[in-house]
Amino acid sequence: MTKYLNFIGGEWKDSKNGAVKEHYNPANPSQLIGYTVPATADEVNEAVGQAKLSFLTWKQRSPVERGEILRKAADLLEAQAQGIAETATKEMGKRLIEMKGEVLRGAAILRYYAQEGMRKQGEVLPSANSQNTLYSMRVPLGVVSVITPWNFPVAIPIWKIAPALVYGNTVVWKPSQETGITAVKIAEVFEQAGLPAGVLNLVNGSGEIVGNTLVEHPEIAAITFTGSNRVGRQLASKAVAQNKKYQLELGGKNPVIVLEDADLDLAAKLTIDGAMKQTGQRCTATSRVYVEQSIYETFIEKLLEQVSQIKVGDGLEETVTMGPVASKKQFETVTSYINKGIEEGAEILYGGQALDAAVYNSGYFIEPTIFGKVTNEMTIAREEIFGPVLAVVKVENYTDALTQANDTIYGLSASLFTNNLDKAFDFIKNSEVGMVQINGETGGAEPQAPFGGMKESSSGTREQGQAAMEFFTAYKTVAITTNL
Ligand code: SIN
């Protein structure tokens, strides 16, 4: 069984204390996939030291050279898409077709950032002193710590690592413990693309040891994190205490509103896609749907028609349309939310059960689940579930729907289905989220568009697109005084 090592200073290194973490397939938890080696604090310190050293030369390279390496990484990733996707599917359960799409998305993100380094990175400004030439320029921050989740084990790391590198930073990356093997595959791609030693370092391991050592390390200039609100908040307070720059992408409780004038077939399809794709394990997944009372029954019928087409099973099988949840912990969390929904008086309209363990190798399979008779006070309408569970709420009209949709601590994405232009524009203005869709799915993102949320869904920063430059660089203001 393969042992996947850490990548420190351009070398693949075993952990000195000999510890290993076992990785099992969530579709068949008795199947061992491989081992990763949790790094010790000393090994993390070594990775930071290597990143600091390589920063001195990496920042001197031109953006064209840096971009060329990203472009090569994109080609290699594309060429290895099938193998990397299979590894990730076995490691965290996402369907192979979805995982392959994600790997190709990773390649598209790399290509996008390969050229971003050549865009304008400053401005010439007027000066009060006629002998001054005054301008601003963007400079890299130094060593950036990249801390990533398991739900997008390829796309999220790449959308953080690619801009960090192209703007001249070096990186120490701590992936989720659930997807350490996939992370090794990604680091291999960067190595094969010719990234100089120490520019990207990968340290697998726990938040307690690897995460904390990184966050508290004096040579880490900035931390970019995607994950839970609980961990994000702890990380933010440590970063503030040390005056480090930080970026948090956190949870969502993303609503869809369906009005009576909407294309109901489209709305039902995209609501189910938004809720159930990737087994609902997306920060941008649809988890609440507010339906105008006049079309409530008709829309429920359409939702049921859509959801009944889903076939749950091992994501390596082509006919399967929804895979398992990623881990035992995730399985327990999602099933406990389903039980809470029932206890609090919501009505199961579809699903609600785990699949038969005897037939499904004790895999972490849960039926796609739809709850009706939900009110906004219920736990399933308020907390992020991160699983294939949709709460349907009947509302009086658009204004009622908007009020209830906004009544949440989260503000990541939201969607309105309507053909009424006035309501569409009102929603764009008044929906309290970072990403709005009209007649679209709440999930998904394009590399050139800013990604992130309002309220407790982010630290107010944005990822991807040119917005990434805001985080991964600092302004330097330059004044040149001459005698002319
Ligand atoms: C996420 O929702 O977790 C990432 C964004 C996406 O859907 O691509």
# chains A, B, ... in the order shown; residues from 1 in each chain; ligands from 1
>>> residues_near_ligand(ligand="ligand 1", cutoff="8 Å", atoms="only C-alpha atoms and all ligand atoms", output="list of chain:residue names")
A:Asn151, A:Phe152, A:Ala155, A:Ile156, A:Gln281, A:Arg282, A:Cys283, A:Thr284, A:Ala285, A:Thr442, A:Gly443, A:Gly444, A:Ala445, A:Glu446
>>> closest_atom_pairs(of="region 39-97 of chain A", to="region 198-202 of chain A", cutoff="12 Å", atoms="only C-alpha atoms", output="Markdown table")
| residue | atom | partner | partner_atom | distance |
| --- | --- | --- | --- | --- |
| A:Ala39 | CA | A:Leu202 | CA | 9.5 |
| A:Glu43 | CA | A:Leu202 | CA | 10.4 |
| A:Val44 | CA | A:Leu202 | CA | 9.1 |
| A:Asn45 | CA | A:Asn201 | CA | 11.1 |
| A:Glu46 | CA | A:Asn201 | CA | 9.7 |
| A:Ala47 | CA | A:Asn201 | CA | 6.1 |
| A:Val48 | CA | A:Asn201 | CA | 8.1 |
| A:Gly49 | CA | A:Gly198 | CA | 8.7 |
| A:Gln50 | CA | A:Gly198 | CA | 5.1 |
| A:Ala51 | CA | A:Gly198 | CA | 4.9 |
| A:Lys52 | CA | A:Gly198 | CA | 8.1 |
| A:Leu53 | CA | A:Gly198 | CA | 7.5 |
| A:Ser54 | CA | A:Gly198 | CA | 5.5 |
| A:Phe55 | CA | A:Val199 | CA | 6.9 |
| A:Leu56 | CA | A:Val199 | CA | 10.1 |
| A:Thr57 | CA | A:Val199 | CA | 9.4 |
| A:Trp58 | CA | A:Val199 | CA | 7.2 |
| A:Lys59 | CA | A:Val199 | CA | 10.0 |
| A:Arg61 | CA | A:Val199 | CA | 11.9 |
| A:Arg66 | CA | A:Val199 | CA | 10.9 |
| A:Ile69 | CA | A:Val199 | CA | 11.7 |
>>> write_last_selection(atoms="C-alpha atoms", output="PDB file, in the first residue's frame")
ATOM      1  CA  ALA A  39       3.882  16.348   9.549  1.00  0.00           C
ATOM      2  CA  GLU A  43       8.604  19.576   9.635  1.00  0.00           C
ATOM      3  CA  VAL A  44       6.124  22.419   9.197  1.00  0.00           C
ATOM      4  CA  ASN A  45       8.799  24.863  10.366  1.00  0.00           C
ATOM      5  CA  GLU A  46      11.196  23.358   7.834  1.00  0.00           C
ATOM      6  CA  ALA A  47       8.607  23.849   5.068  1.00  0.00           C
ATOM      7  CA  VAL A  48       8.141  27.507   6.050  1.00  0.00           C
ATOM      8  CA  GLY A  49      11.926  27.982   6.096  1.00  0.00           C
ATOM      9  CA  GLN A  50      12.229  26.512   2.595  1.00  0.00           C
ATOM     10  CA  ALA A  51       9.376  28.686   1.333  1.00  0.00           C
ATOM     11  CA  LYS A  52      11.029  31.770   2.835  1.00  0.00           C
ATOM     12  CA  LEU A  53      14.330  30.942   1.152  1.00  0.00           C
ATOM     13  CA  SER A  54      12.789  30.295  -2.253  1.00  0.00           C
ATOM     14  CA  PHE A  55      10.760  33.538  -2.015  1.00  0.00           C
ATOM     15  CA  LEU A  56      13.996  35.501  -2.515  1.00  0.00           C
ATOM     16  CA  THR A  57      14.416  34.147  -6.040  1.00  0.00           C
ATOM     17  CA  TRP A  58      10.816  33.377  -7.005  1.00  0.00           C
ATOM     18  CA  LYS A  59       9.721  37.003  -6.512  1.00  0.00           C
ATOM     19  CA  ARG A  61      11.142  35.941 -11.774  1.00  0.00           C
ATOM     20  CA  ARG A  66       5.841  32.208 -13.464  1.00  0.00           C
ATOM     21  CA  ILE A  69       4.985  27.117 -15.177  1.00  0.00           C
TER      22      ILE A  69
END
>>> residues_around(residues="region 33-37 of chain A", least_positions_apart="2", cutoff="10 Å", atoms="only C-alpha atoms", output="PyMOL selection string")
chain A and resi 1-6+13-25+29-31+39-40+87+90-91+177-181+184+203-205
>>> closest_residue(among="A:Ala81, A:Tyr350, A:Val389, A:Leu355", to="Ile97 (chain A)", atoms="only C-alpha atoms")
A:Ala81
>>> atom_distance(atom1="CA of Glu292 (chain A)", atom2="CA of Gly341 (chain A)")
21.6 Å
>>> atom_distance(atom1="CA of Lys72 (chain A)", atom2="CA of Thr224 (chain A)")
24.1 Å
